[in-house]
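Listing of data.txt; format and content: compact mmCIF, C-alpha atoms.
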# COMPACT_ATOMS: atom_id res chain seq x y z
CA MET A 1 3.10 -8.00 11.61
CA ALA A 2 2.33 -4.87 13.62
CA ILE A 3 4.94 -3.93 16.21
CA ILE A 4 3.38 -3.30 19.62
CA ASN A 5 5.47 -1.50 22.22
CA GLN A 6 3.77 -1.98 25.57
CA ALA A 7 6.19 0.36 27.37
CA THR A 8 5.56 3.35 25.12
CA ARG A 9 2.01 2.32 24.21
CA GLU A 10 2.86 2.60 20.54
CA LEU A 11 1.63 0.54 17.59
CA GLN A 12 3.62 0.54 14.34
CA VAL A 13 1.73 -0.59 11.26
CA LYS A 14 3.46 -1.23 7.92
CA ILE A 15 1.66 -0.64 4.62
CA VAL A 16 3.35 -1.59 1.35
CA TYR A 17 2.36 -0.18 -2.05
CA TYR A 18 2.93 -2.89 -4.67
CA GLY A 19 2.44 -2.98 -8.42
CA PRO A 20 4.08 -2.78 -11.86
CA ALA A 21 6.81 -0.31 -12.76
CA MET A 22 5.65 3.27 -13.34
CA GLY A 23 2.14 2.42 -12.19
CA GLY A 24 1.91 5.22 -9.64
CA LYS A 25 3.13 3.76 -6.34
CA THR A 26 5.60 6.53 -5.60
CA THR A 27 3.15 9.16 -6.85
CA ASN A 28 0.67 7.96 -4.22
CA LEU A 29 3.19 8.48 -1.42
CA VAL A 30 4.24 11.88 -2.74
CA GLN A 31 0.59 13.01 -2.82
CA VAL A 32 -0.05 11.69 0.69
CA HIS A 33 3.03 13.48 1.98
CA ASP A 34 2.09 16.73 0.27
CA HIS A 35 -1.55 16.80 1.33
CA VAL A 36 -1.98 14.84 4.55
CA GLN A 37 -2.99 16.79 7.63
CA THR A 38 -1.54 15.43 10.88
CA ALA A 39 -1.46 16.59 14.46
CA ALA A 40 1.59 18.74 15.14
CA GLY A 41 2.85 17.97 11.65
CA ASN A 42 3.84 14.42 12.56
CA LYS A 43 3.98 13.05 9.04
CA GLY A 44 7.66 12.27 8.82
CA LYS A 45 10.09 12.71 5.98
CA LEU A 46 9.51 11.17 2.56
CA VAL A 47 12.62 9.26 1.57
CA SER A 48 12.93 8.33 -2.09
CA LEU A 49 15.79 6.36 -3.61
CA ALA A 50 15.42 6.54 -7.37
CA THR A 51 17.34 5.94 -10.57
CA ASN A 52 17.98 8.56 -13.23
CA SER A 53 14.76 7.46 -14.93
CA ASP A 54 12.85 8.48 -11.77
CA ARG A 55 11.85 4.95 -10.90
CA THR A 56 11.98 3.86 -7.28
CA LEU A 57 15.08 1.75 -6.82
CA PHE A 58 14.58 0.58 -3.26
CA PHE A 59 11.66 1.98 -1.31
CA ASP A 60 9.87 5.06 -0.16
CA PHE A 61 9.13 5.43 3.54
CA LEU A 62 6.60 7.77 5.06
CA PRO A 63 5.69 7.48 8.74
CA LEU A 64 2.24 8.86 9.56
CA GLU A 65 0.82 9.29 13.02
CA ALA A 66 -2.86 8.62 13.64
CA PRO A 67 -5.13 9.20 16.66
CA ALA A 68 -4.69 6.82 19.58
CA ILE A 69 -6.53 3.49 19.48
CA LYS A 70 -7.07 1.48 22.68
CA GLY A 71 -4.72 3.87 24.40
CA TYR A 72 -1.95 3.22 21.87
CA ARG A 73 -0.38 5.86 19.64
CA VAL A 74 -0.56 4.54 16.07
CA LYS A 75 2.16 5.06 13.50
CA PHE A 76 1.63 4.01 9.89
CA GLN A 77 4.78 3.32 7.90
CA LEU A 78 4.22 3.56 4.16
CA TYR A 79 6.60 1.87 1.74
CA THR A 80 6.71 1.17 -1.99
CA VAL A 81 8.53 -1.64 -3.72
CA PRO A 82 10.55 -1.24 -6.93
CA GLY A 83 8.50 -2.07 -10.01
CA GLN A 84 11.32 -3.58 -12.05
CA VAL A 85 11.59 -7.38 -11.94
CA ILE A 86 15.38 -7.28 -11.49
CA TYR A 87 14.87 -5.87 -7.99
CA ASN A 88 12.69 -8.73 -6.77
CA THR A 89 14.96 -9.44 -3.79
CA THR A 90 14.36 -5.88 -2.63
CA ARG A 91 10.62 -6.41 -2.97
CA GLN A 92 10.86 -9.38 -0.62
CA LEU A 93 12.85 -7.35 1.90
CA VAL A 94 10.30 -4.53 1.85
CA LEU A 95 7.45 -7.01 2.34
CA ARG A 96 8.94 -8.37 5.56
CA GLY A 97 6.67 -7.48 8.47
CA VAL A 98 3.92 -6.12 6.19
CA ASP A 99 0.50 -5.54 7.78
CA GLY A 100 -1.47 -4.24 4.80
CA ILE A 101 -1.00 -3.90 1.04
CA VAL A 102 -2.15 -1.42 -1.58
CA PHE A 103 -1.83 -2.91 -5.05
CA VAL A 104 -1.54 -0.08 -7.57
CA ALA A 105 -2.51 -1.23 -11.06
CA ASP A 106 -1.91 0.71 -14.28
CA SER A 107 -5.23 1.17 -16.11
CA GLN A 108 -3.71 1.29 -19.60
CA TYR A 109 -4.78 -1.64 -21.78
CA GLU A 110 -1.19 -2.44 -22.76
CA LYS A 111 -0.23 -2.73 -19.08
CA MET A 112 -2.73 -5.46 -18.20
CA ALA A 113 -0.20 -8.28 -18.58
CA GLU A 114 2.24 -6.40 -16.32
CA ASN A 115 -0.51 -5.87 -13.74
CA VAL A 116 -1.30 -9.59 -13.63
CA GLU A 117 2.39 -10.52 -13.59
CA SER A 118 3.02 -8.14 -10.68
CA PHE A 119 0.03 -9.48 -8.74
CA VAL A 120 1.22 -13.07 -9.19
CA ASN A 121 4.70 -11.94 -8.15
CA LEU A 122 3.21 -10.42 -4.99
CA GLU A 123 1.58 -13.72 -4.08
CA GLU A 124 4.82 -15.61 -4.78
CA ASN A 125 6.89 -13.24 -2.66
CA LEU A 126 4.41 -13.46 0.21
CA LYS A 127 4.54 -17.25 -0.02
CA THR A 128 8.33 -17.06 0.26
CA LEU A 129 7.80 -15.17 3.52
CA LYS A 130 5.19 -17.74 4.63
CA LEU A 131 2.41 -15.18 4.22
CA SER A 132 -0.79 -15.11 2.15
CA LEU A 133 -3.24 -12.55 0.82
CA ASP A 134 -5.91 -14.56 2.61
CA ASP A 135 -4.45 -13.32 5.89
CA ILE A 136 -3.27 -9.80 5.02
CA PRO A 137 -5.71 -6.91 4.46
CA TYR A 138 -5.25 -5.39 1.02
CA VAL A 139 -7.00 -3.06 -1.41
CA LEU A 140 -6.73 -2.42 -5.13
CA GLN A 141 -6.20 0.92 -6.81
CA TYR A 142 -6.83 1.31 -10.56
CA ASN A 143 -4.61 4.26 -11.40
CA LYS A 144 -4.36 6.46 -14.51
CA ARG A 145 -8.12 6.47 -15.14
CA ASP A 146 -7.75 9.77 -17.03
CA LEU A 147 -5.85 8.23 -19.94
CA PRO A 148 -7.72 7.57 -23.21
CA ASN A 149 -6.50 3.97 -23.36
CA ALA A 150 -7.71 3.07 -19.87
CA ALA A 151 -9.39 -0.32 -19.66
CA PRO A 152 -12.90 -0.57 -18.18
CA ILE A 153 -13.06 -1.03 -14.42
CA GLU A 154 -15.07 -4.23 -14.93
CA TYR A 155 -12.24 -5.74 -16.98
CA MET A 156 -9.66 -4.86 -14.34
CA GLU A 157 -11.90 -6.30 -11.64
CA PHE A 158 -12.11 -9.54 -13.64
CA LEU A 159 -8.32 -9.72 -13.89
CA LEU A 160 -7.32 -8.66 -10.38
CA ASN A 161 -10.33 -8.95 -8.07
CA ASN A 162 -11.75 -12.27 -9.21
CA ARG A 163 -11.39 -14.23 -5.97
CA ASP A 164 -13.70 -15.90 -3.46
CA VAL A 165 -13.64 -12.74 -1.33
CA LEU A 166 -13.66 -9.44 -3.21
CA VAL A 167 -11.56 -6.63 -1.77
CA PRO A 168 -12.22 -2.87 -1.93
CA SER A 169 -11.03 -1.23 -5.15
CA PHE A 170 -10.71 2.41 -6.13
CA PRO A 171 -10.33 4.29 -9.43
CA ALA A 172 -7.58 6.88 -9.22
CA VAL A 173 -5.59 9.57 -10.97
CA ALA A 174 -2.72 9.68 -8.50
CA ASN A 175 -0.89 12.61 -10.09
CA ARG A 176 -4.02 14.71 -9.43
CA CYS A 177 -4.49 13.17 -5.96
CA GLU A 178 -7.78 11.59 -7.06
CA GLY A 179 -8.49 8.31 -5.28
CA VAL A 180 -5.25 8.50 -3.29
CA PHE A 181 -6.76 9.20 0.12
CA GLU A 182 -9.82 7.05 -0.50
CA THR A 183 -7.43 4.13 -1.02
CA LEU A 184 -5.27 4.97 2.00
CA ASN A 185 -8.26 5.58 4.27
CA MET A 186 -9.72 2.17 3.46
CA ILE A 187 -6.56 0.16 4.13
CA THR A 188 -5.92 2.05 7.38
CA ARG A 189 -9.52 1.46 8.51
CA MET A 190 -9.17 -2.25 7.75
CA LEU A 191 -5.94 -2.46 9.72
CA LEU A 192 -7.24 -0.49 12.71
CA SER A 193 -10.37 -2.62 12.78
CA LYS A 194 -8.18 -5.72 12.88
CA PHE A 195 -6.21 -4.22 15.78
CA VAL A 196 -9.33 -3.24 17.72
CA LYS A 197 -10.58 -6.83 17.47
CA SER A 198 -7.23 -8.23 18.60
CA ASP A 199 -6.30 -9.40 22.08
CA VAL A 200 -4.11 -6.39 22.85
CA PRO A 201 -5.00 -5.04 26.32
CA GLN A 202 -6.82 -1.73 26.38
CA TYR A 203 -5.40 1.22 28.29
CA ALA A 204 -7.55 3.82 29.98
Reformat the file's structure so that it appears as structure tokens.
Amino acid sequence: MAIINQATRELQVKIVYYGPAMGGKTTNLVQVHDHVQTAAGNKGKLVSLATNSDRTLFFDFLPLEAPAIKGYRVKFQLYTVPGQVIYNTTRQLVLRGVDGIVFVADSQYEKMAENVESFVNLEENLKTLKLSLDDIPYVLQYNKRDLPNAAPIEYMEFLLNNRDVLVPSFPAVANRCEGVFETLNMITRMLLSKFVKSDVPQYA
């Protein structure tokens, strides 16, 4: 849930990157941090807590400042969850207060079961927090499209985007920054649109 500070006219929006281990969640945040252009350089510090195998152990956090909406200064806080199942409690902690989700799927054929397992796990963890994907804006990113064993987009859509309401999805090669900003731009637009339609008073 977005944090609205009426005194400072500031809106904090939390976006969580979710998906299987080594799928590209952290790579997305690194690319955003390296390439994003913000006013006065207000993009914050990228914090990464990783194991020796370079997997995210807890979360990455990247605050981004966007132009004012309704007279409020908007700050996006980007997180990733650990991909390994043994850190599921940490995933739940990171999901607390989430406003939007980017699900990063690994396009390799042999990773399809892990993609589906991670997506089901996302739904289960949201349910634990009394949340649902029906109420939270989210987008899908099909990463690693450059690999020779990448599954067809149509197959991944069937596995992960086969619901009553289809969500935006993007092919990506995160380590080359392809599809990274298209994905981020869409989820931020969806969240800002939700805020604009909300009952928050507008400042001149």
List every residue of region 103-172 of chain A that has an atom at most 7 Å from any atom of region 19-22 of chain A, and for each one report the closest atom pair and its distance in Å to one decimal, counting all atoms listed in the file, with rows sorted by chain and then by increasing residue number, as a Markdown table.
| residue | atom | partner | partner_atom | distance |
| --- | --- | --- | --- | --- |
| A:Phe103 | CA | A:Gly19 | CA | 5.4 |
| A:Val104 | CA | A:Gly19 | CA | 5.0 |
| A:Ala105 | CA | A:Gly19 | CA | 5.9 |
| A:Glu114 | CA | A:Pro20 | CA | 6.0 |
| A:Asn115 | CA | A:Pro20 | CA | 5.8 |
| A:Ser118 | CA | A:Pro20 | CA | 5.6 |
| A:Phe119 | CA | A:Gly19 | CA | 6.9 |
For the selection just defined, write its residues with C-alpha atoms to a file, as a tab-separated table (two decimals), in the frame of the given file.
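Output (part.tsv):
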chain	number	residue	atom	x	y	z
A	103	PHE	CA	-1.83	-2.91	-5.05
A	104	VAL	CA	-1.54	-0.08	-7.57
A	105	ALA	CA	-2.51	-1.23	-11.06
A	114	GLU	CA	2.24	-6.40	-16.32
A	115	ASN	CA	-0.51	-5.87	-13.74
A	118	SER	CA	3.02	-8.14	-10.68
A	119	PHE	CA	0.03	-9.48	-8.74
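The coordinates place CA of Ser193 (chain A) at 26.7 Å from CA of Thr128 (chain A).
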Residue contacts of Asp106 (chain A) (8 Å, only C-alpha atoms) excluding same-chain residues fewer than 6 positions away, as a PyMOL selection string: chain A and resi 20+23-24+112+115+142-144
So the first atom is CA of Asn88 (chain A) and the second is CA of Val16 (chain A); what is the distance between them in Å, to one decimal place?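 Atom-to-atom, CA of Asn88 (chain A) to CA of Val16 (chain A), that is 14.3 Å.
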Edge lengths and centre in Å to one decimal, as lines of an AutoDock Vina configuration file, is what I'm after for the box along x, y and z that holds all listed atoms of region 107-122 of chain A once 8 Å is added on each side.
center_x = -0.3
center_y = -5.9
center_z = -13.9
size_x = 25.9
size_y = 30.4
size_z = 33.8
Please identify all polymer residues within 8 Å of region 183-189 of chain A, counting all atoms listed in the file, omitting same-chain residues fewer than 4 positions from it, and present them as a PyMOL selection string. chain A and resi 100-102+137-141+168-170+179+193
Complete the atoms of region 131-162 of chain A to N, CA and C atoms and put them out as a PDB file, keeping the file's coordinate frame.
ATOM      1  N   LEU A 131       3.588 -16.030   4.056  1.00  0.00           N
ATOM      2  CA  LEU A 131       2.410 -15.180   4.220  1.00  0.00           C
ATOM      3  C   LEU A 131       1.445 -15.440   3.074  1.00  0.00           C
ATOM      4  N   SER A 132       0.224 -14.918   3.192  1.00  0.00           N
ATOM      5  CA  SER A 132      -0.790 -15.110   2.150  1.00  0.00           C
ATOM      6  C   SER A 132      -1.740 -13.922   2.127  1.00  0.00           C
ATOM      7  N   LEU A 133      -2.250 -13.621   0.945  1.00  0.00           N
ATOM      8  CA  LEU A 133      -3.240 -12.550   0.820  1.00  0.00           C
ATOM      9  C   LEU A 133      -4.537 -12.893   1.547  1.00  0.00           C
ATOM     10  N   ASP A 134      -4.727 -14.163   1.854  1.00  0.00           N
ATOM     11  CA  ASP A 134      -5.910 -14.560   2.610  1.00  0.00           C
ATOM     12  C   ASP A 134      -5.851 -14.047   4.042  1.00  0.00           C
ATOM     13  N   ASP A 135      -4.635 -13.736   4.509  1.00  0.00           N
ATOM     14  CA  ASP A 135      -4.450 -13.320   5.890  1.00  0.00           C
ATOM     15  C   ASP A 135      -4.074 -11.855   6.055  1.00  0.00           C
ATOM     16  N   ILE A 136      -3.729 -11.193   4.957  1.00  0.00           N
ATOM     17  CA  ILE A 136      -3.270  -9.800   5.020  1.00  0.00           C
ATOM     18  C   ILE A 136      -4.300  -8.886   4.370  1.00  0.00           C
ATOM     19  N   PRO A 137      -4.788  -7.876   5.077  1.00  0.00           N
ATOM     20  CA  PRO A 137      -5.710  -6.910   4.460  1.00  0.00           C
ATOM     21  C   PRO A 137      -5.044  -6.216   3.268  1.00  0.00           C
ATOM     22  N   TYR A 138      -5.779  -6.118   2.170  1.00  0.00           N
ATOM     23  CA  TYR A 138      -5.250  -5.390   1.020  1.00  0.00           C
ATOM     24  C   TYR A 138      -6.387  -4.767   0.220  1.00  0.00           C
ATOM     25  N   VAL A 139      -6.039  -3.730  -0.536  1.00  0.00           N
ATOM     26  CA  VAL A 139      -7.000  -3.060  -1.410  1.00  0.00           C
ATOM     27  C   VAL A 139      -6.353  -2.881  -2.773  1.00  0.00           C
ATOM     28  N   LEU A 140      -7.191  -2.643  -3.762  1.00  0.00           N
ATOM     29  CA  LEU A 140      -6.730  -2.420  -5.130  1.00  0.00           C
ATOM     30  C   LEU A 140      -6.969  -0.972  -5.527  1.00  0.00           C
ATOM     31  N   GLN A 141      -6.015  -0.409  -6.240  1.00  0.00           N
ATOM     32  CA  GLN A 141      -6.200   0.920  -6.810  1.00  0.00           C
ATOM     33  C   GLN A 141      -5.963   0.842  -8.311  1.00  0.00           C
ATOM     34  N   TYR A 142      -6.953   1.298  -9.094  1.00  0.00           N
ATOM     35  CA  TYR A 142      -6.830   1.310 -10.560  1.00  0.00           C
ATOM     36  C   TYR A 142      -6.438   2.726 -10.972  1.00  0.00           C
ATOM     37  N   ASN A 143      -5.155   2.931 -11.153  1.00  0.00           N
ATOM     38  CA  ASN A 143      -4.610   4.260 -11.400  1.00  0.00           C
ATOM     39  C   ASN A 143      -4.630   4.630 -12.881  1.00  0.00           C
ATOM     40  N   LYS A 144      -4.432   5.900 -13.151  1.00  0.00           N
ATOM     41  CA  LYS A 144      -4.360   6.460 -14.510  1.00  0.00           C
ATOM     42  C   LYS A 144      -5.692   6.347 -15.258  1.00  0.00           C
ATOM     43  N   ARG A 145      -6.795   6.566 -14.533  1.00  0.00           N
ATOM     44  CA  ARG A 145      -8.120   6.470 -15.140  1.00  0.00           C
ATOM     45  C   ARG A 145      -8.389   7.596 -16.130  1.00  0.00           C
ATOM     46  N   ASP A 146      -7.544   8.626 -16.138  1.00  0.00           N
ATOM     47  CA  ASP A 146      -7.750   9.770 -17.030  1.00  0.00           C
ATOM     48  C   ASP A 146      -7.203   9.527 -18.430  1.00  0.00           C
ATOM     49  N   LEU A 147      -6.461   8.466 -18.637  1.00  0.00           N
ATOM     50  CA  LEU A 147      -5.850   8.230 -19.940  1.00  0.00           C
ATOM     51  C   LEU A 147      -6.857   7.647 -20.931  1.00  0.00           C
ATOM     52  N   PRO A 148      -6.745   8.013 -22.209  1.00  0.00           N
ATOM     53  CA  PRO A 148      -7.720   7.570 -23.210  1.00  0.00           C
ATOM     54  C   PRO A 148      -7.713   6.063 -23.450  1.00  0.00           C
ATOM     55  N   ASN A 149      -6.594   5.418 -23.140  1.00  0.00           N
ATOM     56  CA  ASN A 149      -6.500   3.970 -23.360  1.00  0.00           C
ATOM     57  C   ASN A 149      -6.719   3.170 -22.083  1.00  0.00           C
ATOM     58  N   ALA A 150      -7.428   3.767 -21.132  1.00  0.00           N
ATOM     59  CA  ALA A 150      -7.710   3.070 -19.870  1.00  0.00           C
ATOM     60  C   ALA A 150      -8.741   1.961 -20.097  1.00  0.00           C
ATOM     61  N   ALA A 151      -8.463   0.805 -19.547  1.00  0.00           N
ATOM     62  CA  ALA A 151      -9.390  -0.320 -19.660  1.00  0.00           C
ATOM     63  C   ALA A 151     -10.581  -0.113 -18.727  1.00  0.00           C
ATOM     64  N   PRO A 152     -11.730  -0.696 -19.054  1.00  0.00           N
ATOM     65  CA  PRO A 152     -12.900  -0.570 -18.180  1.00  0.00           C
ATOM     66  C   PRO A 152     -12.616  -1.151 -16.789  1.00  0.00           C
ATOM     67  N   ILE A 153     -13.220  -0.549 -15.788  1.00  0.00           N
ATOM     68  CA  ILE A 153     -13.060  -1.030 -14.420  1.00  0.00           C
ATOM     69  C   ILE A 153     -13.476  -2.499 -14.311  1.00  0.00           C
ATOM     70  N   GLU A 154     -14.566  -2.860 -15.006  1.00  0.00           N
ATOM     71  CA  GLU A 154     -15.070  -4.230 -14.930  1.00  0.00           C
ATOM     72  C   GLU A 154     -14.027  -5.240 -15.415  1.00  0.00           C
ATOM     73  N   TYR A 155     -13.279  -4.852 -16.435  1.00  0.00           N
ATOM     74  CA  TYR A 155     -12.240  -5.740 -16.980  1.00  0.00           C
ATOM     75  C   TYR A 155     -11.114  -5.901 -15.968  1.00  0.00           C
ATOM     76  N   MET A 156     -10.725  -4.801 -15.318  1.00  0.00           N
ATOM     77  CA  MET A 156      -9.660  -4.860 -14.340  1.00  0.00           C
ATOM     78  C   MET A 156     -10.101  -5.651 -13.102  1.00  0.00           C
ATOM     79  N   GLU A 157     -11.364  -5.513 -12.742  1.00  0.00           N
ATOM     80  CA  GLU A 157     -11.900  -6.300 -11.640  1.00  0.00           C
ATOM     81  C   GLU A 157     -11.835  -7.791 -11.962  1.00  0.00           C
ATOM     82  N   PHE A 158     -12.159  -8.139 -13.213  1.00  0.00           N
ATOM     83  CA  PHE A 158     -12.110  -9.540 -13.640  1.00  0.00           C
ATOM     84  C   PHE A 158     -10.694 -10.095 -13.539  1.00  0.00           C
ATOM     85  N   LEU A 159      -9.710  -9.269 -13.896  1.00  0.00           N
ATOM     86  CA  LEU A 159      -8.320  -9.720 -13.890  1.00  0.00           C
ATOM     87  C   LEU A 159      -7.710  -9.784 -12.492  1.00  0.00           C
ATOM     88  N   LEU A 160      -8.050  -8.810 -11.643  1.00  0.00           N
ATOM     89  CA  LEU A 160      -7.320  -8.660 -10.380  1.00  0.00           C
ATOM     90  C   LEU A 160      -8.162  -8.871  -9.120  1.00  0.00           C
ATOM     91  N   ASN A 161      -9.483  -8.848  -9.258  1.00  0.00           N
ATOM     92  CA  ASN A 161     -10.330  -8.950  -8.070  1.00  0.00           C
ATOM     93  C   ASN A 161     -11.336 -10.085  -8.227  1.00  0.00           C
ATOM     94  N   ASN A 162     -10.882 -11.137  -8.882  1.00  0.00           N
ATOM     95  CA  ASN A 162     -11.750 -12.270  -9.210  1.00  0.00           C
ATOM     96  C   ASN A 162     -11.425 -13.438  -8.276  1.00  0.00           C
TER      97      ASN A 162
END
